[in-house]
Structure formats: C-alpha cells, structure tokens
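Source file: target.tsv (TSV, N, CA and C atoms)
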chain	number	residue	atom	x	y	z
A	1293	MET	N	88.94	-174.49	-16.34
A	1293	MET	CA	90.19	-173.94	-16.82
A	1293	MET	C	91.29	-174.22	-15.82
A	1294	ASP	N	92.49	-174.36	-16.32
A	1294	ASP	CA	93.63	-174.62	-15.47
A	1294	ASP	C	94.12	-173.33	-14.85
A	1295	CYS	N	94.49	-173.39	-13.59
A	1295	CYS	CA	94.95	-172.20	-12.90
A	1295	CYS	C	96.20	-172.53	-12.11
A	1296	SER	N	97.25	-171.73	-12.28
A	1296	SER	CA	98.47	-171.94	-11.49
A	1296	SER	C	98.84	-170.63	-10.81
A	1297	TRP	N	99.29	-170.75	-9.56
A	1297	TRP	CA	99.57	-169.58	-8.74
A	1297	TRP	C	101.01	-169.58	-8.27
A	1298	GLU	N	101.59	-168.40	-8.15
A	1298	GLU	CA	102.91	-168.25	-7.56
A	1298	GLU	C	102.77	-168.30	-6.04
A	1299	ALA	N	103.86	-168.49	-5.36
A	1299	ALA	CA	103.84	-168.52	-3.89
A	1299	ALA	C	103.37	-167.20	-3.30
A	1300	SER	N	103.54	-166.10	-4.04
A	1300	SER	CA	103.14	-164.78	-3.55
A	1300	SER	C	101.63	-164.58	-3.57
A	1301	GLY	N	100.90	-165.55	-4.17
A	1301	GLY	CA	99.45	-165.41	-4.24
A	1301	GLY	C	98.98	-164.77	-5.52
A	1302	ARG	N	99.88	-164.58	-6.46
A	1302	ARG	CA	99.53	-163.96	-7.75
A	1302	ARG	C	99.44	-165.05	-8.82
A	1303	PRO	N	98.58	-164.82	-9.82
A	1303	PRO	CA	98.52	-165.81	-10.90
A	1303	PRO	C	99.83	-165.79	-11.69
A	1304	ARG	N	100.26	-166.96	-12.14
A	1304	ARG	CA	101.47	-167.04	-12.95
A	1304	ARG	C	101.20	-166.35	-14.29
A	1305	PRO	N	102.18	-165.61	-14.81
A	1305	PRO	CA	102.00	-164.96	-16.11
A	1305	PRO	C	101.63	-166.00	-17.16
A	1306	GLY	N	100.62	-165.68	-17.95
A	1306	GLY	CA	100.17	-166.57	-19.00
A	1306	GLY	C	99.20	-167.63	-18.54
A	1307	ALA	N	98.98	-167.75	-17.24
A	1307	ALA	CA	98.05	-168.76	-16.73
A	1307	ALA	C	96.62	-168.31	-16.99
A	1308	ALA	N	95.78	-169.24	-17.38
A	1308	ALA	CA	94.37	-168.93	-17.62
A	1308	ALA	C	93.63	-169.12	-16.30
A	1309	CYS	N	93.66	-168.09	-15.47
A	1309	CYS	CA	93.03	-168.26	-14.17
A	1309	CYS	C	92.59	-166.92	-13.61
A	1310	GLY	N	91.98	-167.02	-12.47
A	1310	GLY	CA	91.59	-165.83	-11.74
A	1310	GLY	C	90.37	-165.16	-12.32
A	1311	ARG	N	89.23	-165.42	-11.76
A	1311	ARG	CA	88.00	-164.77	-12.20
A	1311	ARG	C	87.48	-163.95	-11.05
A	1312	LEU	N	87.46	-162.64	-11.21
A	1312	LEU	CA	86.93	-161.81	-10.14
A	1312	LEU	C	85.44	-162.08	-10.03
A	1313	SER	N	84.97	-162.04	-8.82
A	1313	SER	CA	83.65	-162.57	-8.57
A	1313	SER	C	82.65	-161.57	-8.08
A	1314	ALA	N	81.47	-162.11	-7.93
A	1314	ALA	CA	80.42	-161.34	-7.30
A	1314	ALA	C	80.73	-161.16	-5.83
A	1315	ALA	N	81.73	-161.87	-5.32
A	1315	ALA	CA	82.13	-161.68	-3.93
A	1315	ALA	C	82.60	-160.25	-3.71
A	1316	LEU	N	83.15	-159.62	-4.73
A	1316	LEU	CA	83.56	-158.22	-4.59
A	1316	LEU	C	82.36	-157.32	-4.34
A	1317	SER	N	81.19	-157.75	-4.78
A	1317	SER	CA	80.01	-156.90	-4.58
A	1317	SER	C	79.72	-156.71	-3.10
A	1318	THR	N	80.14	-157.66	-2.26
A	1318	THR	CA	79.93	-157.48	-0.83
A	1318	THR	C	80.97	-156.52	-0.26
A	1319	LEU	N	82.12	-156.39	-0.92
A	1319	LEU	CA	83.16	-155.49	-0.46
A	1319	LEU	C	83.04	-154.12	-1.12
A	1320	TRP	N	82.66	-154.11	-2.37
A	1320	TRP	CA	82.55	-152.88	-3.13
A	1320	TRP	C	81.13	-152.76	-3.64
A	1321	PRO	N	80.24	-152.07	-2.94
A	1321	PRO	CA	78.85	-151.96	-3.37
A	1321	PRO	C	78.74	-151.35	-4.76
A	1322	PRO	N	77.70	-151.71	-5.49
A	1322	PRO	CA	77.55	-151.20	-6.85
A	1322	PRO	C	77.30	-149.70	-6.86
A	1323	GLU	N	77.76	-149.06	-7.90
A	1323	GLU	CA	77.57	-147.63	-8.07
A	1323	GLU	C	76.12	-147.36	-8.44
A	1324	SER	N	75.53	-146.36	-7.83
A	1324	SER	CA	74.17	-145.98	-8.17
A	1324	SER	C	74.19	-145.27	-9.51
A	1325	ARG	N	73.36	-145.70	-10.42
A	1325	ARG	CA	73.32	-145.12	-11.76
A	1325	ARG	C	72.35	-143.94	-11.85
A	1326	VAL	N	71.41	-143.85	-10.93
A	1326	VAL	CA	70.44	-142.77	-10.98
A	1326	VAL	C	70.51	-141.96	-9.70
A	1327	VAL	N	70.75	-140.69	-9.84
A	1327	VAL	CA	70.82	-139.79	-8.70
A	1327	VAL	C	69.79	-138.69	-8.91
A	1328	ARG	N	68.80	-138.63	-8.02
A	1328	ARG	CA	67.74	-137.62	-8.10
A	1328	ARG	C	67.10	-137.56	-9.47
A	1329	GLY	N	66.80	-138.72	-10.02
A	1329	GLY	CA	66.12	-138.80	-11.31
A	1329	GLY	C	67.01	-138.59	-12.51
A	1330	THR	N	68.33	-138.37	-12.31
A	1330	THR	CA	69.25	-138.15	-13.42
A	1330	THR	C	70.22	-139.31	-13.50
A	1331	GLU	N	70.39	-139.83	-14.70
A	1331	GLU	CA	71.33	-140.93	-14.88
A	1331	GLU	C	72.75	-140.40	-14.82
A	1332	VAL	N	73.59	-141.05	-14.02
A	1332	VAL	CA	74.96	-140.59	-13.80
A	1332	VAL	C	75.92	-141.52	-14.54
A	1333	TRP	N	76.78	-140.94	-15.36
A	1333	TRP	CA	77.83	-141.70	-16.03
A	1333	TRP	C	79.16	-141.15	-15.58
A	1334	ARG	N	80.02	-142.01	-15.14
A	1334	ARG	CA	81.34	-141.59	-14.69
A	1334	ARG	C	82.40	-142.24	-15.56
A	1335	MET	N	83.53	-141.58	-15.62
A	1335	MET	CA	84.65	-142.14	-16.37
A	1335	MET	C	85.23	-143.32	-15.62
A	1336	ALA	N	85.87	-144.21	-16.32
A	1336	ALA	CA	86.55	-145.34	-15.70
A	1336	ALA	C	87.68	-144.81	-14.83
A	1337	PRO	N	88.04	-145.53	-13.77
A	1337	PRO	CA	89.04	-145.04	-12.84
A	1337	PRO	C	90.44	-144.88	-13.45
A	1338	LEU	N	90.78	-145.67	-14.40
A	1338	LEU	CA	92.08	-145.57	-15.07
A	1338	LEU	C	91.86	-145.70	-16.57
A	1339	PRO	N	92.69	-145.05	-17.37
A	1339	PRO	CA	92.60	-145.26	-18.81
A	1339	PRO	C	92.85	-146.73	-19.13
A	1340	GLY	N	92.16	-147.25	-20.09
A	1340	GLY	CA	92.36	-148.63	-20.50
A	1340	GLY	C	91.33	-149.60	-19.97
A	1341	ALA	N	90.36	-149.13	-19.19
A	1341	ALA	CA	89.35	-150.03	-18.65
A	1341	ALA	C	88.58	-150.71	-19.78
A	1342	GLU	N	88.37	-149.98	-20.85
A	1342	GLU	CA	87.62	-150.55	-21.98
A	1342	GLU	C	88.40	-151.62	-22.73
A	1343	LEU	N	89.70	-151.71	-22.47
A	1343	LEU	CA	90.54	-152.70	-23.14
A	1343	LEU	C	90.64	-154.02	-22.38
A	1344	VAL	N	90.14	-154.04	-21.14
A	1344	VAL	CA	90.22	-155.25	-20.32
A	1344	VAL	C	89.30	-156.32	-20.90
A	1345	GLN	N	89.88	-157.42	-21.33
A	1345	GLN	CA	89.11	-158.51	-21.93
A	1345	GLN	C	89.31	-159.85	-21.24
A	1346	THR	N	90.45	-160.04	-20.60
A	1346	THR	CA	90.76	-161.33	-19.99
A	1346	THR	C	90.87	-161.17	-18.47
A	1347	PRO	N	90.73	-162.27	-17.75
A	1347	PRO	CA	90.87	-162.20	-16.29
A	1347	PRO	C	92.25	-161.69	-15.84
A	1348	LEU	N	93.30	-162.07	-16.53
A	1348	LEU	CA	94.63	-161.60	-16.15
A	1348	LEU	C	94.75	-160.09	-16.36
A	1349	GLN	N	94.19	-159.57	-17.46
A	1349	GLN	CA	94.18	-158.13	-17.68
A	1349	GLN	C	93.38	-157.42	-16.57
A	1350	LEU	N	92.26	-158.02	-16.19
A	1350	LEU	CA	91.45	-157.45	-15.12
A	1350	LEU	C	92.23	-157.42	-13.81
A	1351	TYR	N	92.90	-158.51	-13.51
A	1351	TYR	CA	93.69	-158.61	-12.28
A	1351	TYR	C	94.73	-157.49	-12.21
A	1352	ARG	N	95.47	-157.32	-13.29
A	1352	ARG	CA	96.50	-156.27	-13.34
A	1352	ARG	C	95.87	-154.88	-13.25
A	1353	TYR	N	94.78	-154.68	-13.95
A	1353	TYR	CA	94.08	-153.41	-13.94
A	1353	TYR	C	93.62	-153.04	-12.53
A	1354	LEU	N	93.02	-154.00	-11.82
A	1354	LEU	CA	92.52	-153.73	-10.48
A	1354	LEU	C	93.66	-153.43	-9.50
A	1355	LEU	N	94.78	-154.12	-9.65
A	1355	LEU	CA	95.93	-153.83	-8.79
A	1355	LEU	C	96.49	-152.43	-9.07
A	1356	ARG	N	96.45	-152.01	-10.35
A	1356	ARG	CA	96.87	-150.64	-10.67
A	1356	ARG	C	95.91	-149.63	-10.06
A	1357	CYS	N	94.62	-149.94	-10.05
A	1357	CYS	CA	93.64	-149.06	-9.42
A	1357	CYS	C	93.94	-148.89	-7.93
A	1358	CYS	N	94.39	-149.96	-7.30
A	1358	CYS	CA	94.70	-149.90	-5.86
A	1358	CYS	C	95.78	-148.87	-5.56
A	1359	ARG	N	96.68	-148.65	-6.49
A	1359	ARG	CA	97.76	-147.67	-6.28
A	1359	ARG	C	97.21	-146.25	-6.11
A	1360	GLN	N	96.00	-146.00	-6.60
A	1360	GLN	CA	95.41	-144.66	-6.49
A	1360	GLN	C	94.73	-144.43	-5.14
A	1361	LEU	N	94.59	-145.46	-4.34
A	1361	LEU	CA	93.93	-145.31	-3.04
A	1361	LEU	C	94.85	-144.56	-2.08
A	1362	PRO	N	94.26	-143.84	-1.11
A	1362	PRO	CA	95.04	-142.88	-0.32
A	1362	PRO	C	96.09	-143.44	0.63
A	1363	THR	N	95.84	-144.54	1.33
A	1363	THR	CA	96.82	-145.02	2.31
A	1363	THR	C	97.24	-146.46	1.99
A	1364	LYS	N	98.39	-146.83	2.51
A	1364	LYS	CA	98.90	-148.20	2.32
A	1364	LYS	C	97.94	-149.23	2.89
A	1365	GLY	N	97.35	-148.94	4.04
A	1365	GLY	CA	96.42	-149.88	4.67
A	1365	GLY	C	95.21	-150.15	3.80
A	1366	ILE	N	94.66	-149.11	3.22
A	1366	ILE	CA	93.50	-149.27	2.32
A	1366	ILE	C	93.92	-150.02	1.06
A	1367	GLN	N	95.08	-149.67	0.52
A	1367	GLN	CA	95.59	-150.35	-0.67
A	1367	GLN	C	95.73	-151.85	-0.41
A	1368	GLU	N	96.34	-152.20	0.72
A	1368	GLU	CA	96.55	-153.61	1.04
A	1368	GLU	C	95.23	-154.34	1.26
A	1369	HIS	N	94.26	-153.67	1.86
A	1369	HIS	CA	92.95	-154.28	2.07
A	1369	HIS	C	92.32	-154.69	0.74
A	1370	TYR	N	92.31	-153.78	-0.23
A	1370	TYR	CA	91.67	-154.09	-1.51
A	1370	TYR	C	92.51	-155.05	-2.35
A	1371	LYS	N	93.83	-154.98	-2.26
A	1371	LYS	CA	94.67	-155.96	-2.96
A	1371	LYS	C	94.37	-157.37	-2.44
A	1372	HIS	N	94.24	-157.49	-1.13
A	1372	HIS	CA	93.91	-158.79	-0.54
A	1372	HIS	C	92.55	-159.27	-1.03
A	1373	ALA	N	91.57	-158.38	-1.07
A	1373	ALA	CA	90.22	-158.75	-1.53
A	1373	ALA	C	90.25	-159.19	-3.00
A	1374	ILE	N	91.03	-158.51	-3.82
A	1374	ILE	CA	91.14	-158.86	-5.24
A	1374	ILE	C	91.76	-160.26	-5.37
A	1375	ARG	N	92.86	-160.50	-4.67
A	1375	ARG	CA	93.53	-161.80	-4.76
A	1375	ARG	C	92.62	-162.93	-4.28
A	1376	GLN	N	91.92	-162.69	-3.18
A	1376	GLN	CA	91.01	-163.72	-2.66
A	1376	GLN	C	89.91	-164.04	-3.66
A	1377	SER	N	89.33	-163.01	-4.24
A	1377	SER	CA	88.24	-163.23	-5.19
A	1377	SER	C	88.71	-163.97	-6.43
A	1378	PHE	N	89.91	-163.66	-6.88
A	1378	PHE	CA	90.44	-164.37	-8.04
A	1378	PHE	C	90.65	-165.85	-7.72
A	1379	ARG	N	91.14	-166.14	-6.53
A	1379	ARG	CA	91.34	-167.54	-6.14
A	1379	ARG	C	90.01	-168.28	-6.05
A	1380	VAL	N	89.03	-167.65	-5.43
A	1380	VAL	CA	87.73	-168.29	-5.22
A	1380	VAL	C	87.07	-168.64	-6.55
A	1381	HIS	N	87.25	-167.81	-7.54
A	1381	HIS	CA	86.57	-168.00	-8.82
A	1381	HIS	C	87.51	-168.42	-9.94
A	1382	SER	N	88.60	-169.07	-9.58
A	1382	SER	CA	89.57	-169.49	-10.59
A	1382	SER	C	89.03	-170.59	-11.51
A	1383	ASP	N	87.95	-171.25	-11.10
A	1383	ASP	CA	87.41	-172.34	-11.93
A	1383	ASP	C	86.27	-171.88	-12.85
A	1384	GLU	N	85.97	-170.61	-12.87
A	1384	GLU	CA	84.90	-170.10	-13.74
A	1384	GLU	C	85.33	-170.27	-15.20
A	1385	ASP	N	84.48	-170.93	-15.99
A	1385	ASP	CA	84.85	-171.14	-17.39
A	1385	ASP	C	83.77	-170.69	-18.38
A	1386	ASN	N	82.69	-170.13	-17.91
A	1386	ASN	CA	81.64	-169.62	-18.79
A	1386	ASN	C	82.05	-168.23	-19.30
A	1387	PRO	N	82.29	-168.08	-20.62
A	1387	PRO	CA	82.76	-166.79	-21.16
A	1387	PRO	C	81.80	-165.63	-20.88
A	1388	GLU	N	80.51	-165.89	-20.92
A	1388	GLU	CA	79.55	-164.82	-20.64
A	1388	GLU	C	79.65	-164.37	-19.19
A	1389	ARG	N	79.77	-165.32	-18.29
A	1389	ARG	CA	79.90	-165.00	-16.87
A	1389	ARG	C	81.21	-164.25	-16.60
A	1390	ILE	N	82.28	-164.65	-17.28
A	1390	ILE	CA	83.56	-163.98	-17.11
A	1390	ILE	C	83.44	-162.52	-17.54
A	1391	GLN	N	82.81	-162.26	-18.68
A	1391	GLN	CA	82.63	-160.88	-19.14
A	1391	GLN	C	81.76	-160.09	-18.18
A	1392	GLN	N	80.74	-160.73	-17.63
A	1392	GLN	CA	79.87	-160.07	-16.65
A	1392	GLN	C	80.69	-159.69	-15.40
A	1393	ILE	N	81.54	-160.59	-14.95
A	1393	ILE	CA	82.38	-160.33	-13.78
A	1393	ILE	C	83.35	-159.19	-14.07
A	1394	ILE	N	83.95	-159.19	-15.24
A	1394	ILE	CA	84.89	-158.13	-15.62
A	1394	ILE	C	84.20	-156.78	-15.60
A	1395	LYS	N	83.03	-156.71	-16.21
A	1395	LYS	CA	82.26	-155.45	-16.26
A	1395	LYS	C	81.93	-154.97	-14.85
A	1396	ARG	N	81.45	-155.86	-14.02
A	1396	ARG	CA	81.07	-155.50	-12.65
A	1396	ARG	C	82.29	-155.07	-11.84
A	1397	ALA	N	83.41	-155.75	-12.00
A	1397	ALA	CA	84.62	-155.42	-11.24
A	1397	ALA	C	85.12	-154.02	-11.59
A	1398	ILE	N	85.05	-153.65	-12.87
A	1398	ILE	CA	85.49	-152.31	-13.29
A	1398	ILE	C	84.55	-151.26	-12.71
A	1399	GLU	N	83.25	-151.52	-12.73
A	1399	GLU	CA	82.28	-150.59	-12.13
A	1399	GLU	C	82.54	-150.44	-10.63
A	1400	ASP	N	82.80	-151.56	-9.96
A	1400	ASP	CA	83.04	-151.52	-8.52
A	1400	ASP	C	84.34	-150.77	-8.19
A	1401	ALA	N	85.37	-150.96	-9.00
A	1401	ALA	CA	86.63	-150.23	-8.79
A	1401	ALA	C	86.39	-148.74	-8.96
A	1402	ASN	N	85.59	-148.38	-9.94
A	1402	ASN	CA	85.24	-146.98	-10.17
A	1402	ASN	C	84.53	-146.40	-8.94
A	1403	TRP	N	83.59	-147.16	-8.40
A	1403	TRP	CA	82.84	-146.71	-7.24
A	1403	TRP	C	83.77	-146.48	-6.05
A	1404	ILE	N	84.66	-147.41	-5.80
A	1404	ILE	CA	85.58	-147.31	-4.67
A	1404	ILE	C	86.51	-146.11	-4.83
A	1405	LEU	N	87.07	-145.92	-6.02
A	1405	LEU	CA	87.98	-144.79	-6.23
A	1405	LEU	C	87.24	-143.47	-6.06
A	1406	ASN	N	86.02	-143.38	-6.56
A	1406	ASN	CA	85.23	-142.15	-6.39
A	1406	ASN	C	84.90	-141.92	-4.92
A	1407	LYS	N	84.65	-142.98	-4.18
A	1407	LYS	CA	84.36	-142.86	-2.75
A	1407	LYS	C	85.53	-142.22	-2.02
A	1408	TYR	N	86.73	-142.69	-2.28
A	1408	TYR	CA	87.90	-142.15	-1.59
A	1408	TYR	C	88.30	-140.77	-2.11
A	1409	LYS	N	88.01	-140.46	-3.37
A	1409	LYS	CA	88.28	-139.11	-3.88
A	1409	LYS	C	87.39	-138.09	-3.20
A	1410	LYS	N	86.14	-138.47	-2.92
A	1410	LYS	CA	85.21	-137.55	-2.26
A	1410	LYS	C	85.64	-137.28	-0.82
A	1411	GLN	N	86.25	-138.27	-0.17
A	1411	GLN	CA	86.67	-138.11	1.22
A	1411	GLN	C	87.88	-137.21	1.35
A	1412	ASN	N	88.68	-137.12	0.31
A	1412	ASN	CA	89.92	-136.30	0.37
A	1412	ASN	C	89.72	-134.93	-0.16
Could you take the file, read its structure, and then write that structure out as structure tokens?
Amino acid sequence: MDCSWEASGRPRPGAACGRLSAALSTLWPPESRVVRGTEVWRMAPLPGAELVQTPLQLYRYLLRCCRQLPTKGIQEHYKHAIRQSFRVHSDEDNPERIQQIIKRAIEDANWILNKYKKQN
C-alpha cells in the first residue's frame, strides 16, 4: 500500500498507511484475561473503539487515548511509540493482519490506561 507522511511525522489525511504493529506489544504488554480463575472483561478506554476499522482511524483513536494519560511526558512517550510503530508497519497490506493489529492495539491501549488509572 502507498503511504505518505507529513513533515510532522503524521500520516497525510486520506493516505492508506500506518499499520500499528506487534512492536507495541513490547511497549504495552497484553492485558491478562484471567485473574484468579475468573475471566476479566473491561470496557474500551474510549467510546468508539468498536468503530475503528481502518489504520487511520486506529491512529487517531490511539492519539486520543494518549490525552487521558496523566502527565505530558507519559503522553509524549506513547505518542512517539504510536508514530514509530505506524511508520515501521506502513507496508502491511494483509487485511487479516491489519484487523489483528487493530484489535491488539485497542487491547493494549486499554491495558495502559487501566495501569495509569490504578496508579492515581
């Protein structure tokens, strides 16, 4: 797929690019689904997670999630990680893999937001 980027490091509006990757799994560990023998289901970090279908929607959604983090330093850290991951996987063109990445990225964002909510 073709990918075009602005000088700011963001994908150009309407560009078919930016695939969040499994690289985020090293930054945002997966949420544990079973706690003491009980399956845990948590709400998505922001309304609209279920509507994310495209990489550009995912990119915007994850940046909105960053706004909920407690400090500017933490926000900038995760924004940088999101941008890097989108660049690294901008050539992903397998639709199944893209959907898998989207699902995992939303779960990881949920985990990170819950982590910081527990600390505050």
Between atom C of Ile1390 in chain A and atom N of Tyr1353 in chain A - distance in Å to one decimal: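 Value for the atom N of Tyr1353 in chain A-atom C of Ile1390 in chain A distance: 14.2 Å.
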Separation of CA of Tyr1351 in chain A and atom N of Arg1389 in chain A, in Å?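 That distance, rounded to one decimal, is 16.6 Å.
Residue nearest Gln1367 in chain A within the list A:Val1380, A:Leu1350, A:Lys1410, A:Leu1405: A:Leu1405 [criterion: smallest interatomic distance, only C-alpha atoms].
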Please determine, counting only N, CA and C atoms, which residue among A:Lys1409, A:Leu1354, A:Glu1399, A:Glu1384 has the shortest atom-to-atom distance to Tyr1370 in chain A.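 Using only N, CA and C atoms, the shortest distance to Tyr1370 in chain A belongs to A:Leu1354.
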Test item: residues at most 12 Å from Ile1394 in chain A, only C-alpha atoms, excluding those fewer than 2 positions along its chain, as an MDAnalysis selection string: chainID A and resid 1310:1314 1316 1341:1354 1378 1387:1392 1396:1401
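For the atom pair formed by CA of Gly1365 in chain A and CA of Asp1383 in chain A, the distance is 29.3 Å, given to one decimal.
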Pick from A:Ile1374, A:His1381, A:Trp1403, A:Gly1340: nearest to Leu1355 in chain A, with all atoms listed in the file counted? A:Ile1374
Write out as lines of an AutoDock Vina configuration file an axis-aligned box for range 1394-1407 of chain A: all of its atoms listed in the file, 3 Å added on each side, centre and edge lengths in Å with one decimal.
center_x = 84.5
center_y = -150.6
center_z = -9.1
size_x = 12.9
size_y = 23.3
size_z = 20.2
